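Everything on this sheet refers to the single structure shown next.
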Amino acid sequence: MSEQFVDSKLAICLQIGVASLIGFCSLAAAADENPGSSPEQSATTSADQADAAGKDAKPQDWAFHAQSTFVYQYHPGFTSPYQGTNSLTPAPQGKETFDLTLYGGVRLWKGAEFWVNPEIDQGFGLSDTLGVAGFPSGEAYKVGSSQPYGRVHRAFVRQTIDLGGDTVEVEADLNQLAGTESADRIVITAGKFSVVDIFDSNAYAHDPRNDFLNWSIIDSAAFDYAANAWGYTYGIAAEWYQGKNTFRLGVFDLSVVPNSTELDPHILPQFQIVAEWERRYEVAGQPGVSRLLGFAMRGNMGEYDQATAIAQTTGQPADIAATRSFHTKFGVAVNLQQQLVSDLGLFARISADQGQYEAFEFTDVNQSYALGASMTGERWSRPSDNLGVAAVVNRASSAAENFFNAGGLGILVGDGQLPHPGSERLLETYYNFSPARGVHLSVDYQYIDNPAYNRDRGPVSVFGFRLHAQF
């Protein structure tokens, strides 16, 4: 048995141990909050306790939370007559990722909070997070490492300005202090965070630590949101909550070059504007939410057709970097969620960009259609469990397909050729089991047809296991 193999297995065991320890701490904390009570007693008295707490509790002045997530994914071998630099490896492989995040928050003044999120990361996505436009793990960054390393992913200030209306209780949560706010309000967030912390949210599919894992399910795949290679950026966003509507507007910094680990130190001339309208409503007495999002980004980006034309002239693989100049890229996304009954909901995502320019930050998708359902375990007496299933169709524009066939490389995909392009089709299902408060174990299966839009390769089955704990 090799030393490298032993080190790898030891690292995995340590990671699982850390996640389990956090889960144990959260379970102990839960027991301390309600010592000696049975599950039945907790269920029957929780509403009364919450009402009493809401009347007497003061707003939190500070808070500390932690989470840890371990994900292991494996795919068996699959058909592959050829492969390129950005291909999913056809040989059987298994990869794991691990992260440990600390959440520290303090109330600065009335309505203002400051949060910082240092994180330790380790591991790799399948094929180093390459080979599939709708990548199968939202816990895998584009930057991998065999050794743990630390970064501060978020550091931001959030100011809430009450405008009136009903008083709403705010529960303590990650990056959220307990307190109260008015139903009508303005919320301003500034600093370093992820664009999708605020935009493109969905109650059923937006959290790779607890629900779906696939990139094109947890986010609108053609929403090329500003981010470094870890998914975070600097910016400012404003949200206006008024009645059943919320309007959001944000300005964010782009990477120095597409898909970079470094953000542009100047917000001009490279930047992104994102706007979103959210509408809350009821259908047959069941709550639903619709979101319409639009984005525009101004940056130094390449054009697919130009890169393909140069490749045809020179006989060399298409090089998108050789065509980069300042362009404006825009796109839209529609995001829906609808509760059908108390334990079952549906969601859908539709997104598209103009398909002319390279993917700048997120992934190589020009059109995406996702539909899914999520159910809690109430019907089998497991209300903290979740079951989900979703299907996705991702498409590349004809300009992008020609570019990839000319040997071009995108952010995630590029098989060296693409003589038989097709839509990338994905299916994901998961079961999330909660053995104790704050602890979740998940099994996940994904079926990927035409990975990287290539009908010559695949299909691929991806099997996953996830352990998540937080307090």
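Chain identifiers are assigned as A, B, and so on, following the order in which chains appear in the structure tokens; residues are numbered from 1 within each chain, and ligands are numbered from 1 in order of appearance.
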May I have the residues within 7 Å of Gly414 (chain A) as an NGL selection string, using only C-alpha atoms and disregarding those fewer than 2 positions away in the same chain?
:A and (84-87 or 404 or 408-410 or 416)
Pull the alpha helix (DSSP H) assignments for region 23-223 of chain A out of DSSP run on the backbone, and list those residues as JSON, numbers by chain.
{"A": [23, 24, 25, 26, 27, 28, 29, 30, 31, 32, 33, 39, 40, 41, 42, 43, 44, 45, 46, 47, 48, 49, 50, 51, 52, 53, 54, 55, 56, 215, 216, 217, 218]}
Near-Glu303 (chain A) list (8 Å; only C-alpha atoms; drop same-chain fewer than 2 positions) as a ChimeraX atom specification:
/A:301,305-307,320,323-324,356-358
Suppose we keep N, CA and C atoms; can you now write the selection as a compact mmCIF listing (two decimals), in the first residue's frame?
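Heads up, here's the output in out.txt:
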# COMPACT_ATOMS: atom_id res chain seq x y z
N MET A 301 -13.54 40.28 -23.33
CA MET A 301 -13.92 38.90 -23.59
C MET A 301 -13.80 38.56 -25.07
N ASP A 305 -17.05 33.30 -32.96
CA ASP A 305 -16.92 33.24 -34.42
C ASP A 305 -15.56 33.74 -34.88
N GLN A 306 -15.06 34.77 -34.25
CA GLN A 306 -13.76 35.32 -34.63
C GLN A 306 -12.64 34.32 -34.34
N ALA A 307 -12.71 33.66 -33.17
CA ALA A 307 -11.69 32.67 -32.82
C ALA A 307 -11.74 31.48 -33.77
N ILE A 320 -9.45 31.49 -27.85
CA ILE A 320 -10.36 32.59 -27.54
C ILE A 320 -9.62 33.80 -27.00
N THR A 323 -8.69 36.76 -29.29
CA THR A 323 -9.75 37.62 -29.84
C THR A 323 -10.33 38.57 -28.81
N ARG A 324 -9.78 38.61 -27.62
CA ARG A 324 -10.41 39.38 -26.55
C ARG A 324 -10.31 40.88 -26.79
N GLN A 356 -22.85 34.74 -28.14
CA GLN A 356 -21.84 35.26 -29.06
C GLN A 356 -20.45 35.28 -28.44
N TYR A 357 -20.40 35.49 -27.13
CA TYR A 357 -19.12 35.68 -26.45
C TYR A 357 -18.83 34.53 -25.49
N GLU A 358 -17.57 34.39 -25.14
CA GLU A 358 -17.14 33.33 -24.23
C GLU A 358 -17.77 33.47 -22.85
Taking 6 positions as the minimum chain separation for residues in the same chain, which residues sit within 8 Å of Tyr204 (chain A) when counting only C-alpha atoms? Answer as a list in words.
Asp211, Gln337, Gly345, Leu346, Phe347, Ala373 and Ser374 of chain A
Go ahead and write the selection's residues with C-alpha atoms as an mmCIF file, in the first residue's frame.
data_model
loop_
_atom_site.group_PDB
_atom_site.id
_atom_site.type_symbol
_atom_site.label_atom_id
_atom_site.label_comp_id
_atom_site.auth_asym_id
_atom_site.auth_seq_id
_atom_site.Cartn_x
_atom_site.Cartn_y
_atom_site.Cartn_z
ATOM 1 C CA ASP A 211 -30.101 19.897 -1.547
ATOM 2 C CA GLN A 337 -40.845 27.881 -7.086
ATOM 3 C CA GLY A 345 -42.863 21.737 -4.090
ATOM 4 C CA LEU A 346 -41.866 22.247 -7.706
ATOM 5 C CA PHE A 347 -39.220 24.525 -9.179
ATOM 6 C CA ALA A 373 -39.395 18.644 -7.343
ATOM 7 C CA SER A 374 -38.490 18.555 -3.669
#
May I have all residues of region 192-369 of chain A that DSSP, computed from the backbone, assigns to strand (DSSP E or B), given as a PyMOL selection string?
chain A and resi 192-193+233-242+245-253+255+263+271-283+286-301+303+325-341+344-353+357+367-369
Those residues with C-alpha atoms, as a PDB file, in the first residue's frame please?
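Below you can see selection17.pdb, which holds the result:
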ATOM      1  CA  LYS A 192     -17.036  40.589  -0.616  1.00  0.00           C
ATOM      2  CA  PHE A 193     -19.670  37.906  -1.091  1.00  0.00           C
ATOM      3  CA  THR A 233     -16.492  38.922  -5.816  1.00  0.00           C
ATOM      4  CA  TYR A 234     -16.619  42.494  -4.505  1.00  0.00           C
ATOM      5  CA  GLY A 235     -19.728  44.550  -5.019  1.00  0.00           C
ATOM      6  CA  ILE A 236     -22.782  46.289  -3.646  1.00  0.00           C
ATOM      7  CA  ALA A 237     -26.422  45.224  -3.862  1.00  0.00           C
ATOM      8  CA  ALA A 238     -29.657  46.918  -2.818  1.00  0.00           C
ATOM      9  CA  GLU A 239     -32.964  45.155  -2.150  1.00  0.00           C
ATOM     10  CA  TRP A 240     -36.315  46.906  -1.797  1.00  0.00           C
ATOM     11  CA  TYR A 241     -39.036  44.814  -0.137  1.00  0.00           C
ATOM     12  CA  GLN A 242     -42.491  46.291  -0.705  1.00  0.00           C
ATOM     13  CA  ASN A 245     -42.604  42.413  -4.415  1.00  0.00           C
ATOM     14  CA  THR A 246     -38.855  42.670  -4.021  1.00  0.00           C
ATOM     15  CA  PHE A 247     -36.626  44.600  -6.415  1.00  0.00           C
ATOM     16  CA  ARG A 248     -32.877  43.969  -6.424  1.00  0.00           C
ATOM     17  CA  LEU A 249     -30.036  45.789  -8.125  1.00  0.00           C
ATOM     18  CA  GLY A 250     -26.313  45.117  -7.833  1.00  0.00           C
ATOM     19  CA  VAL A 251     -22.971  46.160  -9.318  1.00  0.00           C
ATOM     20  CA  PHE A 252     -20.053  43.707  -9.138  1.00  0.00           C
ATOM     21  CA  ASP A 253     -16.402  43.370 -10.042  1.00  0.00           C
ATOM     22  CA  SER A 255     -12.100  38.871 -12.874  1.00  0.00           C
ATOM     23  CA  LEU A 263     -10.483  39.996  -9.388  1.00  0.00           C
ATOM     24  CA  PHE A 271     -18.013  45.215 -14.220  1.00  0.00           C
ATOM     25  CA  GLN A 272     -21.418  43.531 -14.113  1.00  0.00           C
ATOM     26  CA  ILE A 273     -24.897  44.907 -13.380  1.00  0.00           C
ATOM     27  CA  VAL A 274     -27.595  42.512 -12.144  1.00  0.00           C
ATOM     28  CA  ALA A 275     -31.287  43.338 -11.669  1.00  0.00           C
ATOM     29  CA  GLU A 276     -34.034  41.071 -10.359  1.00  0.00           C
ATOM     30  CA  TRP A 277     -37.761  41.355  -9.704  1.00  0.00           C
ATOM     31  CA  GLU A 278     -39.281  38.898  -7.247  1.00  0.00           C
ATOM     32  CA  ARG A 279     -43.037  38.411  -6.904  1.00  0.00           C
ATOM     33  CA  ARG A 280     -44.642  36.393  -4.095  1.00  0.00           C
ATOM     34  CA  TYR A 281     -48.149  35.022  -4.569  1.00  0.00           C
ATOM     35  CA  GLU A 282     -50.487  32.140  -3.827  1.00  0.00           C
ATOM     36  CA  VAL A 283     -51.984  29.521  -6.136  1.00  0.00           C
ATOM     37  CA  GLN A 286     -50.244  27.516  -1.702  1.00  0.00           C
ATOM     38  CA  PRO A 287     -47.320  29.996  -1.707  1.00  0.00           C
ATOM     39  CA  GLY A 288     -45.209  30.534  -4.805  1.00  0.00           C
ATOM     40  CA  VAL A 289     -42.424  32.841  -5.926  1.00  0.00           C
ATOM     41  CA  SER A 290     -41.372  34.005  -9.379  1.00  0.00           C
ATOM     42  CA  ARG A 291     -38.122  35.785 -10.131  1.00  0.00           C
ATOM     43  CA  LEU A 292     -37.109  37.542 -13.325  1.00  0.00           C
ATOM     44  CA  LEU A 293     -33.408  38.369 -13.583  1.00  0.00           C
ATOM     45  CA  GLY A 294     -31.355  40.252 -16.131  1.00  0.00           C
ATOM     46  CA  PHE A 295     -27.622  40.870 -16.262  1.00  0.00           C
ATOM     47  CA  ALA A 296     -25.162  42.831 -18.354  1.00  0.00           C
ATOM     48  CA  MET A 297     -21.397  42.585 -18.111  1.00  0.00           C
ATOM     49  CA  ARG A 298     -18.778  44.794 -19.705  1.00  0.00           C
ATOM     50  CA  GLY A 299     -15.429  43.102 -20.010  1.00  0.00           C
ATOM     51  CA  ASN A 300     -12.460  42.072 -22.084  1.00  0.00           C
ATOM     52  CA  MET A 301     -13.921  38.901 -23.593  1.00  0.00           C
ATOM     53  CA  GLU A 303     -15.882  36.210 -29.564  1.00  0.00           C
ATOM     54  CA  SER A 325     -11.544  42.991 -26.649  1.00  0.00           C
ATOM     55  CA  PHE A 326     -14.168  44.960 -24.763  1.00  0.00           C
ATOM     56  CA  HIS A 327     -17.727  43.776 -25.355  1.00  0.00           C
ATOM     57  CA  THR A 328     -21.045  43.838 -23.502  1.00  0.00           C
ATOM     58  CA  LYS A 329     -22.618  40.469 -22.737  1.00  0.00           C
ATOM     59  CA  PHE A 330     -26.161  40.175 -21.456  1.00  0.00           C
ATOM     60  CA  GLY A 331     -28.621  37.490 -20.459  1.00  0.00           C
ATOM     61  CA  VAL A 332     -31.866  36.678 -18.653  1.00  0.00           C
ATOM     62  CA  ALA A 333     -33.119  34.075 -16.201  1.00  0.00           C
ATOM     63  CA  VAL A 334     -36.586  33.063 -15.005  1.00  0.00           C
ATOM     64  CA  ASN A 335     -36.695  31.256 -11.672  1.00  0.00           C
ATOM     65  CA  LEU A 336     -39.907  29.740 -10.251  1.00  0.00           C
ATOM     66  CA  GLN A 337     -40.845  27.881  -7.086  1.00  0.00           C
ATOM     67  CA  GLN A 338     -44.329  26.643  -6.167  1.00  0.00           C
ATOM     68  CA  GLN A 339     -45.466  24.740  -3.124  1.00  0.00           C
ATOM     69  CA  LEU A 340     -48.087  22.129  -4.035  1.00  0.00           C
ATOM     70  CA  VAL A 341     -48.787  20.854  -0.514  1.00  0.00           C
ATOM     71  CA  LEU A 344     -43.972  18.992  -1.739  1.00  0.00           C
ATOM     72  CA  GLY A 345     -42.863  21.737  -4.090  1.00  0.00           C
ATOM     73  CA  LEU A 346     -41.866  22.247  -7.706  1.00  0.00           C
ATOM     74  CA  PHE A 347     -39.220  24.525  -9.179  1.00  0.00           C
ATOM     75  CA  ALA A 348     -38.050  25.580 -12.635  1.00  0.00           C
ATOM     76  CA  ARG A 349     -35.192  27.599 -14.081  1.00  0.00           C
ATOM     77  CA  ILE A 350     -34.880  28.973 -17.618  1.00  0.00           C
ATOM     78  CA  SER A 351     -31.871  31.063 -18.610  1.00  0.00           C
ATOM     79  CA  ALA A 352     -30.118  32.273 -21.760  1.00  0.00           C
ATOM     80  CA  ASP A 353     -27.486  34.675 -23.028  1.00  0.00           C
ATOM     81  CA  TYR A 357     -19.120  35.683 -26.447  1.00  0.00           C
ATOM     82  CA  GLN A 367     -29.310  28.149 -22.771  1.00  0.00           C
ATOM     83  CA  SER A 368     -30.557  26.071 -19.864  1.00  0.00           C
ATOM     84  CA  TYR A 369     -33.881  24.539 -18.860  1.00  0.00           C
TER      85      TYR A 369
END
Might you pull out every residue within 12 Å of Gly77 (chain A), with only C-alpha atoms counted and same-chain residues fewer than 6 positions away left off, and present them as number ranges by chain?
A: 88-94, 457-462
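Within 10 Å of Ser260 (chain A), once only C-alpha atoms are used and residues closer than 6 positions along the same chain are dropped, the contacting residues are Lys142, Val143, Ala227, Asn228, Ala229, Trp230, Leu254, Phe360, Glu361 and Ile411 of chain A.
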Close residues, region 148-163 of chain A itself excluded, 10 Å, only C-alpha atoms, min 5 positions apart in chain, as an NGL selection string
:A and (11 or 98-123 or 175-176 or 180-194 or 230-242)
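Taking CA of Glu401 (chain A) as the reference point, CA of Pro81 (chain A) is found at 18.5 Å.
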Calculate how many Å separate CA of Thr97 (chain A) from CA of Tyr141 (chain A), rounding to one decimal.
8.9 Å
Using only C-alpha atoms, which of A:Asn432, A:Ser80, A:Gln73, A:Ser381 sits nearest Gly138 (chain A)?
A:Gln73
